[in-house]
Amino acid sequence: MNRALSTLGIVAANELSDSIRSRRVIVMLLLYLAGAMGATALFITFLHSIEGQLVTTLGLDAPKDAGSVTATLWKSKPFRDLLSHLIGEKKLAETLLDVPPLALFYGWLSCAFTPLLVMLTASARISEEIASGSIRFILFRAGRAPWLLGKFAGQAAQLFVALILSALGAWLVGWFRMSGYEGWATAYHMLWFAVKAWIFSLPFLGLALGISQLCALPNLALAFGFMALVGVSVLTGLSNWLAGDGWRRIWDLVNVITPGAHRQSLWWSDAEHLLPATVFLLTLAAVYLFAGYARFARRDL
Amino acid sequence: MSNALQFHGVVKCYGRLRALDGLDLEVPQGSIFGLVGSNGAGKTTAMAIALGLLRAGEGTIDLLGDGPFSPERHAGRVALLPQDSSFPPHARVEELLRFYGRIQGMPVAGLAPAIDELLEWVHLQDRRRSPVRSLSHGMKRRLAIAQAFLGRPELVLLDEPLNGLDPKEAARVRDLIRERRGHQAIVISSHQLTDLEALCDHVAFVEKGKRVRQDTLDKIVRRSHCVTYHLGSGTLPLARLAAELPDVTWEQHGNRVVASFPSTYTAEALNTAALRIFLETGVGILEIRRGSDLESEYMKLSAEPPPLQPPPAA
């Protein structure tokens with residue numbers, strides 16, 4: 001057991017250092033960071049233009065920086081009541097309204113795009129080693145399961161670093177471009193959302209590495225990774241849409257095994273919602289990963 | 001002597017192709033063991049099966065007396081130099097060896113001196129911080145050899161270890177493998193039979209997934225029962241040789257003459273008599289060698305039977 005854990009740790013550290021040296025991974029991480037910063041800048045510009053229109057309509061002077069009107073609006077009772085009514089769940093609305101708008105946007109952005117980053121960076125990692133034969137230098141030194149879990153842990157660590165960097169990038173954009181910027185509160189909530197987005201992305205990482213174990217060609221693994229990403233997303237939407245009474249309850253079951261079904265719970269900040277969602281998402285990550293391992297453990301390499 | 005590696009009736013099929021068809025092998029501990037066979041004979045498959053990279057369909061495998069390969073029992077005690085595998089291109093030489101050493105369970109304190117020794121061994125000290133992608137083909141091959149000896153495993157499987165090495169490096173690696181005789185069991189698969197002859201003390205011929213023959217090199221090349229003469233000029237005086245050395249059998253293949261003798265003779269006695277006859281009859285001798293050579297023995301064993309003749313028409 002100790003030996004397996006030690007192998008896992010060594011492989012994870014090696015995976016992290018090896019992966020971030022790959023040109024493709026570096027490009028993807030930089031694109032992700034640039035995307036997060038660019039999207040945040042666009043969001044602020046959009047916010048500024050809405051604020052400008054609103055203020056002009058009201059016959060007031062347009063603000064120089066974005067965010068001041070929104071900050072006032074965000075704190076006004078009628079607006080909070082309206083939003084609570086729209087969301088339908090008063091408690092959730094109150095939770096979200098306690099979060100600065102920029103952090104909320106970052107939360108949405110990271111949950112929406114991190115699965116894509118995962119597929120781009122992780123789905124070829126194992127198949128590359130199978131294709132090049134470098135796995136043959138490893139598997140007489142370590143068991144397949146600890147090696148696989150080490151790969152997963154290394155990729156998860158890389159993802160965490162990417163999310164923290166993107167949060168930092170988005171926070172800096174807000175700091176430069178928004179007036180009345182609640183720096184500490186935004187940073188706190190952005191970090192929270194980065195952690196939540198990381199947990200949400202782990203099943204996708206399990207899926208990517210699960211597929212990677214089945215393919216001996218990196219490009220095929222990448223293609224299958226994309227197809228799986230689209231597949232689970234469609235399945236989430238479809239199962240939400242088709243679920244109902246009677247035999248249609250089966251769609252509720254289908255819904256539970258897709259990561260998207262647990263995304264909404266991550267918007268809450270209480271353990272009552274977060275804990276079950278986290279357990280479900282980690283279980284899904286393990287299920288996807290070990291579904292691939294069932295074949296990998298027995299395959300010729 | 002106990003065996004470092006033992007195969008009994010091992011079968012491996014790729015679809016309809018039987019790559020190993022009941023292969024038996026016994027590799028004695030501390031020996032340098034040559035695996036000889038034509039392309040597709042099953043040598044690489046046998047090595048990969050021994051270390052659990054491929055799964056055998058049938059048969060039993062025993063590694064170091066501890067049953068079939070299991071990472072828990074064998075990690076750090078066995079190693080492989082695969083034939084067509086590449087290292088991760090971004091990894092640096094020294095850190096790659098450190099990574100391999102750590103996952104095979106080497107103590108951290110012993111890693112640095114072991115790596116230094118290996119890098120010196122394969123002449124890569126000055127490239128220790130270079131990324132693998134910047135190494136030449138021969139350097140990568142030397143690194144692959146180094147990783148196989150990391151931590152002095154009890155059993156090392158080398159698949160075509162000298163391929164791609166320049167003559168100097170090949171000679172150096174041969175010397176280093178020889179130095180390990182008696183300390184580690186080393187299995188070498190190679191088509192370079194002269195290399196195997198220079199290195200091995202045991203040899204197995206494998207064809208179509210089966211062992212055709214396995215024995216000590218001395219017995220295979222009949223060192224105690226045979227002398228090979230390479231002739232320069234003149235005609236072999238077969239009649240006189242037969243008359244003066246009646247128990248010796250003479251076989252001529254071009255300018256090579258193989259004399260096989262019973263145990264009542266010794267190689268020295270045969271040489272004394274035969275060389276005198278050669279000199280007196282004007283036969284030029286270019287080289288004398290004790291025993292036959294591995295290539296000739298392999299050719300004899302692997303020679304396919306002539307095709308069956310169709311029955312004569314009635």
# chains A, B, ... in the order shown; residues from 1 in each chain; ligands from 1
>>> residues_around(residues="region 190-192 of chain A", least_positions_apart="6", cutoff="9 Å", atoms="only C-alpha atoms", output="list in words")
Leu102, Ala103, Leu104, Tyr106, Gly107, Leu163, Ile164, Ala167, Leu168, Ala170 and Trp171 of chain A
>>> write_last_selection(atoms="C-alpha atoms", output="short mmCIF file (atom, residue, chain, number, x, y, z; two decimals), in the first residue's frame")
data_model
loop_
_atom_site.label_atom_id
_atom_site.label_comp_id
_atom_site.auth_asym_id
_atom_site.auth_seq_id
_atom_site.Cartn_x
_atom_site.Cartn_y
_atom_site.Cartn_z
CA LEU A 102 -17.33 39.50 -11.81
CA ALA A 103 -16.76 36.43 -9.62
CA LEU A 104 -20.13 35.06 -10.72
CA TYR A 106 -15.81 33.79 -13.66
CA GLY A 107 -17.66 30.89 -12.03
CA LEU A 163 -7.74 27.45 -12.85
CA ILE A 164 -5.92 29.44 -10.18
CA ALA A 167 -8.78 33.33 -11.69
CA LEU A 168 -5.78 35.55 -11.03
CA ALA A 170 -9.57 37.54 -14.52
CA TRP A 171 -9.17 39.26 -11.15
#
>>> interface_residues(of="chain B", to="chain A", cutoff="9 Å", atoms="only C-alpha atoms", output="ChimeraX atom specification")
/B:48,51-55,69-72,74-82,84-91,99-105,144,147-148
>>> select_by_dssp(residues="region 5-234 of chain B", states="strand (DSSP E or B)", output="count of residues only")
68
>>> atom_distance(atom1="CA of Val234 (chain A)", atom2="CA of Phe193 (chain A)")
23.8 Å
>>> atom_distance(atom1="CA of Gly164 (chain B)", atom2="CA of His191 (chain B)")
12.9 Å
>>> select_by_dssp(residues="region 88-276 of chain B", states="helix (DSSP H, G or I)", output="ChimeraX atom specification")
/B:93-103,108-121,125-127,132-134,137-148,167-179,193-199,217-220,238-244,267-276
>>> residues_around(residues="region 199-209 of chain A", least_positions_apart="4", cutoff="7 Å", atoms="only C-alpha atoms", output="PyMOL selection string")
chain A and resi 111+114-115+118-119+122-123+126+195+213+225+259+263+278+281-282+284-286+288-289
>>> atom_distance(atom1="CA of Met106 (chain B)", atom2="CA of Leu150 (chain B)")
9.0 Å
>>> residues_around(residues="Leu279 (chain B)", least_positions_apart="2", cutoff="12 Å", atoms="only C-alpha atoms", output="MDAnalysis selection string")
chainID B and resid 231:237 271:277 281:285
>>> write_last_selection(atoms="C-alpha atoms", output="compact mmCIF listing (two decimals), in the first residue's frame")
# COMPACT_ATOMS: atom_id res chain seq x y z
CA LEU B 231 42.21 -22.17 -45.41
CA GLY B 232 44.09 -19.71 -47.57
CA SER B 233 45.53 -21.68 -50.46
CA GLY B 234 46.04 -25.27 -51.50
CA THR B 235 43.79 -28.28 -51.65
CA LEU B 236 42.68 -30.12 -48.56
CA PRO B 237 44.55 -33.48 -48.37
CA ASN B 271 46.02 -29.34 -34.14
CA THR B 272 49.48 -30.83 -33.74
CA ALA B 273 48.70 -33.57 -36.22
CA ALA B 274 46.54 -31.59 -38.64
CA LEU B 275 48.78 -28.53 -38.89
CA ARG B 276 51.78 -30.72 -39.68
CA ILE B 277 49.84 -32.31 -42.56
CA THR B 281 51.01 -30.48 -48.25
CA GLY B 282 51.30 -26.73 -48.82
CA VAL B 283 47.87 -25.79 -47.48
CA GLY B 284 47.82 -22.18 -46.22
CA ILE B 285 46.09 -21.64 -42.87
>>> residues_around(residues="Arg98 (chain B)", least_positions_apart="5", cutoff="9 Å", atoms="only C-alpha atoms", output="JSON, numbers by chain")
{"B": [93, 103, 108, 111, 112, 115]}
>>> write_last_selection(atoms="all heavy atoms", output="mmCIF file, in the first residue's frame")
data_model
loop_
_atom_site.group_PDB
_atom_site.id
_atom_site.type_symbol
_atom_site.label_atom_id
_atom_site.label_comp_id
_atom_site.auth_asym_id
_atom_site.auth_seq_id
_atom_site.Cartn_x
_atom_site.Cartn_y
_atom_site.Cartn_z
ATOM 1 N N VAL B 93 17.744 13.835 -19.374
ATOM 2 C CA VAL B 93 18.383 12.538 -19.176
ATOM 3 C C VAL B 93 18.439 12.138 -17.698
ATOM 4 O O VAL B 93 17.952 11.076 -17.300
ATOM 5 C CB VAL B 93 19.805 12.560 -19.793
ATOM 6 C CG1 VAL B 93 20.597 11.338 -19.383
ATOM 7 C CG2 VAL B 93 19.706 12.666 -21.313
ATOM 8 N N ILE B 103 10.536 5.203 -9.003
ATOM 9 C CA ILE B 103 9.331 4.353 -9.064
ATOM 10 C C ILE B 103 9.672 2.870 -8.939
ATOM 11 O O ILE B 103 8.814 2.080 -8.594
ATOM 12 C CB ILE B 103 8.435 4.595 -10.302
ATOM 13 C CG1 ILE B 103 9.190 4.411 -11.592
ATOM 14 C CG2 ILE B 103 7.730 5.903 -10.253
ATOM 15 C CD1 ILE B 103 8.257 4.334 -12.789
ATOM 16 N N VAL B 108 16.390 7.080 -2.210
ATOM 17 C CA VAL B 108 16.761 8.382 -2.787
ATOM 18 C C VAL B 108 18.264 8.640 -2.637
ATOM 19 O O VAL B 108 18.915 9.151 -3.547
ATOM 20 C CB VAL B 108 15.934 9.511 -2.121
ATOM 21 C CG1 VAL B 108 16.308 10.864 -2.682
ATOM 22 C CG2 VAL B 108 14.455 9.258 -2.337
ATOM 23 N N LEU B 111 20.436 7.075 -5.327
ATOM 24 C CA LEU B 111 20.118 7.363 -6.736
ATOM 25 C C LEU B 111 21.233 8.123 -7.464
ATOM 26 O O LEU B 111 21.638 7.732 -8.562
ATOM 27 C CB LEU B 111 18.839 8.177 -6.816
ATOM 28 C CG LEU B 111 17.556 7.400 -7.069
ATOM 29 C CD1 LEU B 111 16.368 8.321 -6.970
ATOM 30 C CD2 LEU B 111 17.594 6.759 -8.444
ATOM 31 N N ALA B 112 21.696 9.199 -6.836
ATOM 32 C CA ALA B 112 22.669 10.062 -7.517
ATOM 33 C C ALA B 112 23.937 9.294 -7.905
ATOM 34 O O ALA B 112 24.356 9.345 -9.076
ATOM 35 C CB ALA B 112 22.988 11.274 -6.657
ATOM 36 N N ILE B 115 23.166 6.847 -10.763
ATOM 37 C CA ILE B 115 22.954 7.530 -12.044
ATOM 38 C C ILE B 115 24.292 8.009 -12.605
ATOM 39 O O ILE B 115 24.559 7.864 -13.808
ATOM 40 C CB ILE B 115 21.941 8.687 -11.884
ATOM 41 C CG1 ILE B 115 20.547 8.104 -11.615
ATOM 42 C CG2 ILE B 115 21.907 9.572 -13.116
ATOM 43 C CD1 ILE B 115 19.512 9.129 -11.220
#
>>> residues_around(residues="Leu64 (chain B)", least_positions_apart="2", cutoff="9 Å", atoms="only C-alpha atoms", output="mmCIF file with N, CA, C and O atoms, in the first residue's frame")
data_model
loop_
_atom_site.group_PDB
_atom_site.id
_atom_site.type_symbol
_atom_site.label_atom_id
_atom_site.label_comp_id
_atom_site.auth_asym_id
_atom_site.auth_seq_id
_atom_site.Cartn_x
_atom_site.Cartn_y
_atom_site.Cartn_z
ATOM 1 N N SER B 2 19.512 -22.592 -10.014
ATOM 2 C CA SER B 2 18.128 -22.149 -10.168
ATOM 3 C C SER B 2 18.037 -21.181 -11.351
ATOM 4 O O SER B 2 19.044 -20.619 -11.784
ATOM 5 N N ASN B 3 16.813 -21.002 -11.820
ATOM 6 C CA ASN B 3 16.626 -20.185 -13.020
ATOM 7 C C ASN B 3 16.146 -18.783 -12.668
ATOM 8 O O ASN B 3 15.299 -18.608 -11.784
ATOM 9 N N ALA B 4 16.669 -17.812 -13.394
ATOM 10 C CA ALA B 4 16.191 -16.442 -13.222
ATOM 11 C C ALA B 4 14.882 -16.262 -13.973
ATOM 12 O O ALA B 4 14.018 -15.486 -13.567
ATOM 13 N N LEU B 5 14.760 -16.976 -15.079
ATOM 14 C CA LEU B 5 13.537 -16.885 -15.895
ATOM 15 C C LEU B 5 13.224 -18.262 -16.445
ATOM 16 O O LEU B 5 14.127 -18.967 -16.935
ATOM 17 N N GLN B 6 11.982 -18.641 -16.339
ATOM 18 C CA GLN B 6 11.588 -19.949 -16.859
ATOM 19 C C GLN B 6 10.240 -19.832 -17.576
ATOM 20 O O GLN B 6 9.289 -19.293 -17.019
ATOM 21 N N GLN B 29 20.416 -18.346 -13.402
ATOM 22 C CA GLN B 29 20.778 -17.108 -12.709
ATOM 23 C C GLN B 29 22.244 -16.768 -12.965
ATOM 24 O O GLN B 29 23.089 -17.657 -13.036
ATOM 25 N N ASP B 62 7.925 -18.215 -14.771
ATOM 26 C CA ASP B 62 8.449 -17.982 -13.425
ATOM 27 C C ASP B 62 9.625 -17.014 -13.505
ATOM 28 O O ASP B 62 10.566 -17.222 -14.270
ATOM 29 N N ASP B 66 9.731 -16.425 -8.192
ATOM 30 C CA ASP B 66 8.611 -15.792 -7.501
ATOM 31 C C ASP B 66 7.347 -15.771 -8.340
ATOM 32 O O ASP B 66 6.516 -14.877 -8.184
ATOM 33 N N GLY B 67 7.196 -16.719 -9.240
ATOM 34 C CA GLY B 67 5.988 -16.768 -10.058
ATOM 35 C C GLY B 67 6.027 -15.768 -11.200
ATOM 36 O O GLY B 67 7.066 -15.157 -11.459
ATOM 37 N N PRO B 68 4.876 -15.610 -11.888
ATOM 38 C CA PRO B 68 4.845 -14.680 -13.019
ATOM 39 C C PRO B 68 5.022 -13.239 -12.556
ATOM 40 O O PRO B 68 4.893 -12.942 -11.368
ATOM 41 N N HIS B 74 8.228 -7.901 -8.198
ATOM 42 C CA HIS B 74 9.383 -7.839 -9.093
ATOM 43 C C HIS B 74 9.893 -6.443 -9.432
ATOM 44 O O HIS B 74 10.940 -6.332 -10.066
ATOM 45 N N ARG B 77 13.587 -5.496 -9.541
ATOM 46 C CA ARG B 77 14.416 -6.718 -9.629
ATOM 47 C C ARG B 77 14.569 -7.181 -11.077
ATOM 48 O O ARG B 77 15.403 -8.038 -11.366
ATOM 49 N N VAL B 78 13.730 -6.653 -11.953
ATOM 50 C CA VAL B 78 13.809 -7.013 -13.371
ATOM 51 C C VAL B 78 13.815 -5.736 -14.211
ATOM 52 O O VAL B 78 13.340 -4.699 -13.752
ATOM 53 N N GLU B 154 18.129 -8.057 -10.892
ATOM 54 C CA GLU B 154 18.648 -9.426 -10.954
ATOM 55 C C GLU B 154 18.501 -10.026 -12.350
ATOM 56 O O GLU B 154 19.245 -10.916 -12.728
ATOM 57 N N LEU B 155 17.487 -9.556 -13.078
ATOM 58 C CA LEU B 155 17.254 -10.074 -14.430
ATOM 59 C C LEU B 155 17.074 -8.898 -15.386
ATOM 60 O O LEU B 155 16.226 -8.029 -15.160
#
>>> residues_around(residues="Tyr14 (chain B)", least_positions_apart="4", cutoff="12 Å", atoms="only C-alpha atoms", output="PyMOL selection string")
(chain A and resi 300) or (chain B and resi 18-21+40+42+45+54-57)
>>> closest_residue(among="B:Gly37, B:Pro131, B:Gly151, B:Gly9", to="Glu58 (chain B)", atoms="only C-alpha atoms")
B:Gly9
